[in-house]
Amino acid sequence: MTGPLRVLVTGGSGFIGRHVVAALHGAGHDAVVADLDVFADGEVPTIEGDLCDPEVRERAITSDLDAVVHLAAFTSVLRSVQQPADVHATNVEMTAGLLEAARVAGVGTFVFASTNAVIGDVGQDTIVETMPLAPLTPYGGTKAAAEMLLSGYAGSFGMRCPVLRLTNVYGGGMSHKDSFVPRLMRAAAEGGEVQIYGDGEQRRDLVFVGDVARAASLAVADWPSGPVIIGGSRSYTVNAITQAARDATDRPIRTRHVPAKPGEMPAVVVDIARARARGFEPGASLVEGMREAWVEFAPDIPQD
Ligand SMILES: NC(=O)c1ccc[n+]([C@@H]2O[C@H](COP(=O)([O-])OP(=O)(O)OC[C@H]3O[C@@H](n4cnc5c(N)ncnc54)[C@H](O)[C@@H]3O)[C@@H](O)[C@H]2O)c1
């Protein structure tokens, strides 16, 4: 699609969403947000409310839109194990309702934030898009189910439904999150310790949030339907990520090794060849990206 587009970003007030809105603006598009929380910058219109409610969806999905970037979700993997029905209601039923509203309103493009956790345990193998889906948690299961809903709408109604399978996203604006990088940042700021599951030699791919936002903007413009892995293209051991956080923050970060949690993937090593073929290239280095994440945690760094 060419020309300025009008794009609804569900979950646009969240960590990734705020960067996606900025990337869309940077590419010359208009962004509208639908979220439980109002967007921080009052210039961006927000449809405030729970998208599980059909009335809120109706207000959000209007026929003047060119595309939807669907980020709003129940995002905690660990909580999804305790609340499987809740994660289904938000990640499957709400997504089905949004897709249907987009079809009815004639919105032809629907970009979805998924995860490589849809693939499950592949041992030490490199993850590619063609692997069968075998998620290990309700969170991964609901993301896989939502991907299948998009595939059905692409097949039957000619909608364009690119799926971004994100690895672990990190960067500025994640102080409300409970993933590994913010835990490292909190420990650096407060002098606490971080739990490391197992021996810490499991590999992880981290992708910088600004890179994810650029991928979303590219996907809105012209990526075809189907999954694309969005990662940082290098994987690091959890121990190496911890060391990078020490380097970025210049703080000692204490660690304690504890048994791994159920559903913990032994390795996340991904191949981003498909994303590269569509014009994506990750830019930030791990320490640079960690420095951006550190800004809002650091007690002694002035904030804008
Ligand atoms: N952060 C990661 O590492 C990562 C990795 C893989 C996939 N993802 C996916 O990317 C997307 C964005 O994640 P994030 O890290 O920015 O999370 P986030 O929690 O920071 O943002 C999610 C946003 O969605 C909104 N939201 C949640 N439920 C809603 C509802 N019922 N109605 C309206 N708004 C609702 C929240 O208010 C929040 O602003 C999610 O779909 C997540 O599953 C994230």
# chains A, B, ... in the order shown; residues from 1 in each chain; ligands from 1
>>> residues_near_ligand(ligand="ligand 1", cutoff="7 Å", atoms="only C-alpha atoms and all ligand atoms", output="PyMOL selection string")
chain A and resi 10-17+34-37+49-52+70-75+90+113-115+165-170+174+177
>>> residues_around(residues="A:Ala105", least_positions_apart="4", cutoff="10 Å", atoms="only C-alpha atoms", output="JSON, numbers by chain")
{"A": [58, 61, 62, 63, 64, 65, 99, 100, 101]}
>>> write_last_selection(atoms="all heavy atoms", output="PDB file, in the first residue's frame")
ATOM      1  N   GLU A  58     -16.440  -1.970  18.144  1.00  0.00           N
ATOM      2  CA  GLU A  58     -17.187  -1.256  17.105  1.00  0.00           C
ATOM      3  C   GLU A  58     -16.726   0.200  16.987  1.00  0.00           C
ATOM      4  O   GLU A  58     -16.612   0.744  15.893  1.00  0.00           O
ATOM      5  CB  GLU A  58     -18.661  -1.297  17.467  1.00  0.00           C
ATOM      6  CG  GLU A  58     -19.568  -1.255  16.265  1.00  0.00           C
ATOM      7  CD  GLU A  58     -20.979  -1.619  16.663  1.00  0.00           C
ATOM      8  OE1 GLU A  58     -21.215  -2.785  17.039  1.00  0.00           O
ATOM      9  OE2 GLU A  58     -21.814  -0.705  16.646  1.00  0.00           O
ATOM     10  N   ILE A  61     -12.907  -0.076  15.357  1.00  0.00           N
ATOM     11  CA  ILE A  61     -12.682  -0.531  13.971  1.00  0.00           C
ATOM     12  C   ILE A  61     -13.674   0.178  13.067  1.00  0.00           C
ATOM     13  O   ILE A  61     -14.838  -0.212  12.958  1.00  0.00           O
ATOM     14  CB  ILE A  61     -12.863  -2.058  13.855  1.00  0.00           C
ATOM     15  CG1 ILE A  61     -11.999  -2.771  14.894  1.00  0.00           C
ATOM     16  CG2 ILE A  61     -12.584  -2.519  12.426  1.00  0.00           C
ATOM     17  CD1 ILE A  61     -10.707  -3.329  14.446  1.00  0.00           C
ATOM     18  N   THR A  62     -13.196   1.202  12.399  1.00  0.00           N
ATOM     19  CA  THR A  62     -14.072   2.030  11.560  1.00  0.00           C
ATOM     20  C   THR A  62     -13.654   1.887  10.098  1.00  0.00           C
ATOM     21  O   THR A  62     -12.514   1.520   9.799  1.00  0.00           O
ATOM     22  CB  THR A  62     -13.970   3.506  12.011  1.00  0.00           C
ATOM     23  OG1 THR A  62     -12.577   3.829  12.140  1.00  0.00           O
ATOM     24  CG2 THR A  62     -14.644   3.731  13.345  1.00  0.00           C
ATOM     25  N   SER A  63     -14.588   2.170   9.202  1.00  0.00           N
ATOM     26  CA  SER A  63     -14.331   1.877   7.783  1.00  0.00           C
ATOM     27  C   SER A  63     -13.319   2.843   7.153  1.00  0.00           C
ATOM     28  O   SER A  63     -12.871   2.611   6.025  1.00  0.00           O
ATOM     29  CB  SER A  63     -15.646   1.894   7.000  1.00  0.00           C
ATOM     30  OG  SER A  63     -16.255   3.146   7.190  1.00  0.00           O
ATOM     31  N   ASP A  64     -12.911   3.904   7.884  1.00  0.00           N
ATOM     32  CA  ASP A  64     -11.880   4.795   7.327  1.00  0.00           C
ATOM     33  C   ASP A  64     -10.466   4.263   7.576  1.00  0.00           C
ATOM     34  O   ASP A  64      -9.493   4.873   7.129  1.00  0.00           O
ATOM     35  CB  ASP A  64     -12.027   6.218   7.916  1.00  0.00           C
ATOM     36  CG  ASP A  64     -11.888   6.237   9.435  1.00  0.00           C
ATOM     37  OD1 ASP A  64     -12.024   5.165  10.071  1.00  0.00           O
ATOM     38  OD2 ASP A  64     -11.631   7.320   9.989  1.00  0.00           O
ATOM     39  N   LEU A  65     -10.350   3.126   8.272  1.00  0.00           N
ATOM     40  CA  LEU A  65      -9.011   2.573   8.533  1.00  0.00           C
ATOM     41  C   LEU A  65      -8.503   1.813   7.321  1.00  0.00           C
ATOM     42  O   LEU A  65      -9.276   1.179   6.597  1.00  0.00           O
ATOM     43  CB  LEU A  65      -9.057   1.589   9.711  1.00  0.00           C
ATOM     44  CG  LEU A  65      -9.394   2.149  11.097  1.00  0.00           C
ATOM     45  CD1 LEU A  65      -9.582   0.988  12.081  1.00  0.00           C
ATOM     46  CD2 LEU A  65      -8.281   3.077  11.581  1.00  0.00           C
ATOM     47  N   LEU A  99     -10.961  -9.306  14.246  1.00  0.00           N
ATOM     48  CA  LEU A  99     -10.852  -9.731  12.841  1.00  0.00           C
ATOM     49  C   LEU A  99     -12.194  -9.602  12.138  1.00  0.00           C
ATOM     50  O   LEU A  99     -12.276  -9.116  11.013  1.00  0.00           O
ATOM     51  CB  LEU A  99     -10.449 -11.204  12.790  1.00  0.00           C
ATOM     52  CG  LEU A  99      -9.008 -11.570  12.533  1.00  0.00           C
ATOM     53  CD1 LEU A  99      -8.853 -13.087  12.609  1.00  0.00           C
ATOM     54  CD2 LEU A  99      -8.524 -11.071  11.176  1.00  0.00           C
ATOM     55  N   GLU A 100     -13.239 -10.069  12.815  1.00  0.00           N
ATOM     56  CA  GLU A 100     -14.571 -10.016  12.218  1.00  0.00           C
ATOM     57  C   GLU A 100     -15.005  -8.558  12.016  1.00  0.00           C
ATOM     58  O   GLU A 100     -15.546  -8.200  10.968  1.00  0.00           O
ATOM     59  CB  GLU A 100     -15.565 -10.781  13.108  1.00  0.00           C
ATOM     60  CG  GLU A 100     -17.008 -10.736  12.667  1.00  0.00           C
ATOM     61  CD  GLU A 100     -17.269 -11.310  11.262  1.00  0.00           C
ATOM     62  OE1 GLU A 100     -16.359 -11.853  10.631  1.00  0.00           O
ATOM     63  OE2 GLU A 100     -18.423 -11.167  10.796  1.00  0.00           O
ATOM     64  N   ALA A 101     -14.725  -7.715  13.007  1.00  0.00           N
ATOM     65  CA  ALA A 101     -15.074  -6.298  12.868  1.00  0.00           C
ATOM     66  C   ALA A 101     -14.309  -5.682  11.695  1.00  0.00           C
ATOM     67  O   ALA A 101     -14.854  -4.870  10.929  1.00  0.00           O
ATOM     68  CB  ALA A 101     -14.764  -5.554  14.167  1.00  0.00           C
TER      69      ALA A 101
END
>>> select_by_dssp(residues="stretch 2-81 of chain A", states="strand (DSSP E or B)", output="number ranges by chain")
A: 6-10, 30-35, 46-48, 67-70
>>> write_last_selection(atoms="C-alpha atoms", output="PDB file, in the first residue's frame")
ATOM      1  CA  ARG A   6      -4.688   5.311   8.703  1.00  0.00           C
ATOM      2  CA  VAL A   7      -3.708   2.562  11.143  1.00  0.00           C
ATOM      3  CA  LEU A   8      -5.376   1.403  14.360  1.00  0.00           C
ATOM      4  CA  VAL A   9      -2.855   0.114  16.916  1.00  0.00           C
ATOM      5  CA  THR A  10      -4.577  -2.032  19.555  1.00  0.00           C
ATOM      6  CA  ASP A  30      -1.707   8.318  10.820  1.00  0.00           C
ATOM      7  CA  ALA A  31      -2.080   6.240  13.979  1.00  0.00           C
ATOM      8  CA  VAL A  32      -5.099   5.746  16.212  1.00  0.00           C
ATOM      9  CA  VAL A  33      -4.813   3.767  19.448  1.00  0.00           C
ATOM     10  CA  ALA A  34      -7.299   1.447  21.149  1.00  0.00           C
ATOM     11  CA  ASP A  35      -6.282   0.468  24.673  1.00  0.00           C
ATOM     12  CA  THR A  46      -7.258   6.859  21.827  1.00  0.00           C
ATOM     13  CA  ILE A  47     -10.362   4.711  21.905  1.00  0.00           C
ATOM     14  CA  GLU A  48     -10.214   3.889  25.593  1.00  0.00           C
ATOM     15  CA  ALA A  67      -4.971  -1.396   8.592  1.00  0.00           C
ATOM     16  CA  VAL A  68      -4.980  -2.756  12.142  1.00  0.00           C
ATOM     17  CA  VAL A  69      -1.834  -3.635  14.106  1.00  0.00           C
ATOM     18  CA  HIS A  70      -3.128  -5.909  16.851  1.00  0.00           C
TER      19      HIS A  70
END
>>> residues_around(residues="stretch 232-245 of chain A", least_positions_apart="6", cutoff="6 Å", atoms="only C-alpha atoms", output="ChimeraX atom specification")
/A:200-207,269,282,287
>>> write_last_selection(atoms="C-alpha atoms", output="short mmCIF file (atom, residue, chain, number, x, y, z; two decimals), in the first residue's frame")
data_model
loop_
_atom_site.label_atom_id
_atom_site.label_comp_id
_atom_site.auth_asym_id
_atom_site.auth_seq_id
_atom_site.Cartn_x
_atom_site.Cartn_y
_atom_site.Cartn_z
CA GLY A 200 21.93 -19.84 32.66
CA GLU A 201 23.55 -21.43 29.61
CA GLN A 202 20.19 -21.56 27.73
CA ARG A 203 20.30 -19.31 24.65
CA ARG A 204 17.86 -16.47 24.01
CA ASP A 205 17.33 -14.05 21.15
CA LEU A 206 16.56 -10.47 22.21
CA VAL A 207 15.16 -7.95 19.76
CA VAL A 269 17.69 -19.42 18.41
CA PRO A 282 17.93 -5.36 13.26
CA VAL A 287 24.55 -3.20 25.13
#
>>> residues_around(residues="stretch 247-250 of chain A", least_positions_apart="4", cutoff="12 Å", atoms="only C-alpha atoms", output="MDAnalysis selection string")
chainID A and resid 181 184:191 240:243 285:301
>>> write_last_selection(atoms="N, CA and C atoms", output="short mmCIF file (atom, residue, chain, number, x, y, z; two decimals), in the first residue's frame")
data_model
loop_
_atom_site.label_atom_id
_atom_site.label_comp_id
_atom_site.auth_asym_id
_atom_site.auth_seq_id
_atom_site.Cartn_x
_atom_site.Cartn_y
_atom_site.Cartn_z
N VAL A 181 14.87 -8.74 31.02
CA VAL A 181 15.64 -7.48 30.98
C VAL A 181 15.16 -6.50 32.07
N LEU A 184 16.54 -7.50 35.34
CA LEU A 184 17.97 -7.14 35.47
C LEU A 184 18.11 -5.66 35.80
N MET A 185 17.29 -4.82 35.13
CA MET A 185 17.38 -3.37 35.33
C MET A 185 16.96 -3.00 36.76
N ARG A 186 15.90 -3.66 37.24
CA ARG A 186 15.44 -3.37 38.62
C ARG A 186 16.52 -3.78 39.62
N ALA A 187 17.12 -4.96 39.37
CA ALA A 187 18.17 -5.42 40.29
C ALA A 187 19.35 -4.45 40.26
N ALA A 188 19.67 -3.93 39.08
CA ALA A 188 20.79 -2.97 38.97
C ALA A 188 20.45 -1.69 39.72
N ALA A 189 19.19 -1.23 39.60
CA ALA A 189 18.81 0.04 40.23
C ALA A 189 18.69 -0.09 41.74
N GLU A 190 18.17 -1.24 42.20
CA GLU A 190 17.83 -1.37 43.63
C GLU A 190 18.85 -2.20 44.40
N GLY A 191 19.82 -2.77 43.70
CA GLY A 191 20.81 -3.61 44.38
C GLY A 191 20.27 -4.98 44.76
N ALA A 240 25.27 -14.45 29.52
CA ALA A 240 25.86 -13.36 28.72
C ALA A 240 24.95 -12.13 28.72
N ILE A 241 23.63 -12.35 28.72
CA ILE A 241 22.69 -11.21 28.77
C ILE A 241 22.86 -10.49 30.11
N THR A 242 23.05 -11.26 31.16
CA THR A 242 23.26 -10.67 32.49
C THR A 242 24.53 -9.82 32.49
N GLN A 243 25.57 -10.34 31.86
CA GLN A 243 26.83 -9.58 31.80
C GLN A 243 26.65 -8.30 30.98
N SER A 285 22.74 -2.88 18.96
CA SER A 285 23.53 -3.92 19.63
C SER A 285 22.93 -4.13 21.02
N LEU A 286 23.25 -5.28 21.62
CA LEU A 286 22.64 -5.62 22.90
C LEU A 286 22.95 -4.57 23.98
N VAL A 287 24.20 -4.16 24.07
CA VAL A 287 24.55 -3.20 25.13
C VAL A 287 23.90 -1.83 24.86
N GLU A 288 23.88 -1.41 23.58
CA GLU A 288 23.21 -0.13 23.23
C GLU A 288 21.73 -0.17 23.63
N GLY A 289 21.08 -1.25 23.25
CA GLY A 289 19.65 -1.40 23.55
C GLY A 289 19.40 -1.43 25.04
N MET A 290 20.29 -2.12 25.77
CA MET A 290 20.16 -2.20 27.24
C MET A 290 20.30 -0.81 27.86
N ARG A 291 21.18 0.01 27.27
CA ARG A 291 21.35 1.37 27.81
C ARG A 291 20.04 2.14 27.68
N GLU A 292 19.33 1.95 26.57
CA GLU A 292 18.02 2.64 26.41
C GLU A 292 17.02 2.14 27.43
N ALA A 293 17.04 0.82 27.68
CA ALA A 293 16.12 0.27 28.67
C ALA A 293 16.44 0.82 30.06
N TRP A 294 17.73 1.02 30.32
CA TRP A 294 18.21 1.43 31.65
C TRP A 294 17.74 2.83 32.04
N VAL A 295 17.53 3.70 31.03
CA VAL A 295 17.26 5.12 31.31
C VAL A 295 16.14 5.31 32.33
N GLU A 296 15.03 4.59 32.18
CA GLU A 296 13.90 4.86 33.09
C GLU A 296 14.04 4.15 34.44
N PHE A 297 15.02 3.24 34.54
CA PHE A 297 15.23 2.55 35.83
C PHE A 297 16.29 3.25 36.67
N ALA A 298 17.26 3.88 35.97
CA ALA A 298 18.44 4.40 36.66
C ALA A 298 18.07 5.56 37.56
N PRO A 299 18.39 5.47 38.85
CA PRO A 299 18.03 6.56 39.74
C PRO A 299 18.80 7.85 39.45
N ASP A 300 19.99 7.74 38.85
CA ASP A 300 20.84 8.93 38.72
C ASP A 300 21.01 9.41 37.28
N ILE A 301 20.17 8.92 36.36
CA ILE A 301 20.24 9.43 34.99
C ILE A 301 19.08 10.40 34.80
#
>>> residues_around(residues="stretch 148-155 of chain A", least_positions_apart="3", cutoff="10 Å", atoms="only C-alpha atoms", output="list in words")
Val92, Thr95, Ala96, Leu99, Glu100, Arg103, Gly108, Thr109, Phe110, Val111, Phe112, Thr142, Lys143, Ala144, Ala145, Gly158, Met159, Arg160, Cys161, Pro162, Val163, Pro224, Ser225, Gly226 and Pro227 of chain A
>>> residues_around(residues="A:Ile127", least_positions_apart="3", cutoff="8 Å", atoms="only C-alpha atoms", output="number ranges by chain")
A: 116, 119, 122, 131, 268-271
>>> write_last_selection(atoms="C-alpha atoms", output="compact mmCIF listing (two decimals), in the first residue's frame")
# COMPACT_ATOMS: atom_id res chain seq x y z
CA ASN A 116 8.13 -17.91 18.74
CA ILE A 119 6.70 -23.56 18.12
CA VAL A 122 12.79 -27.74 19.47
CA MET A 131 8.18 -25.70 11.91
CA VAL A 268 15.46 -19.71 21.46
CA VAL A 269 17.69 -19.42 18.41
CA VAL A 270 15.90 -18.04 15.37
CA ASP A 271 16.52 -17.59 11.67
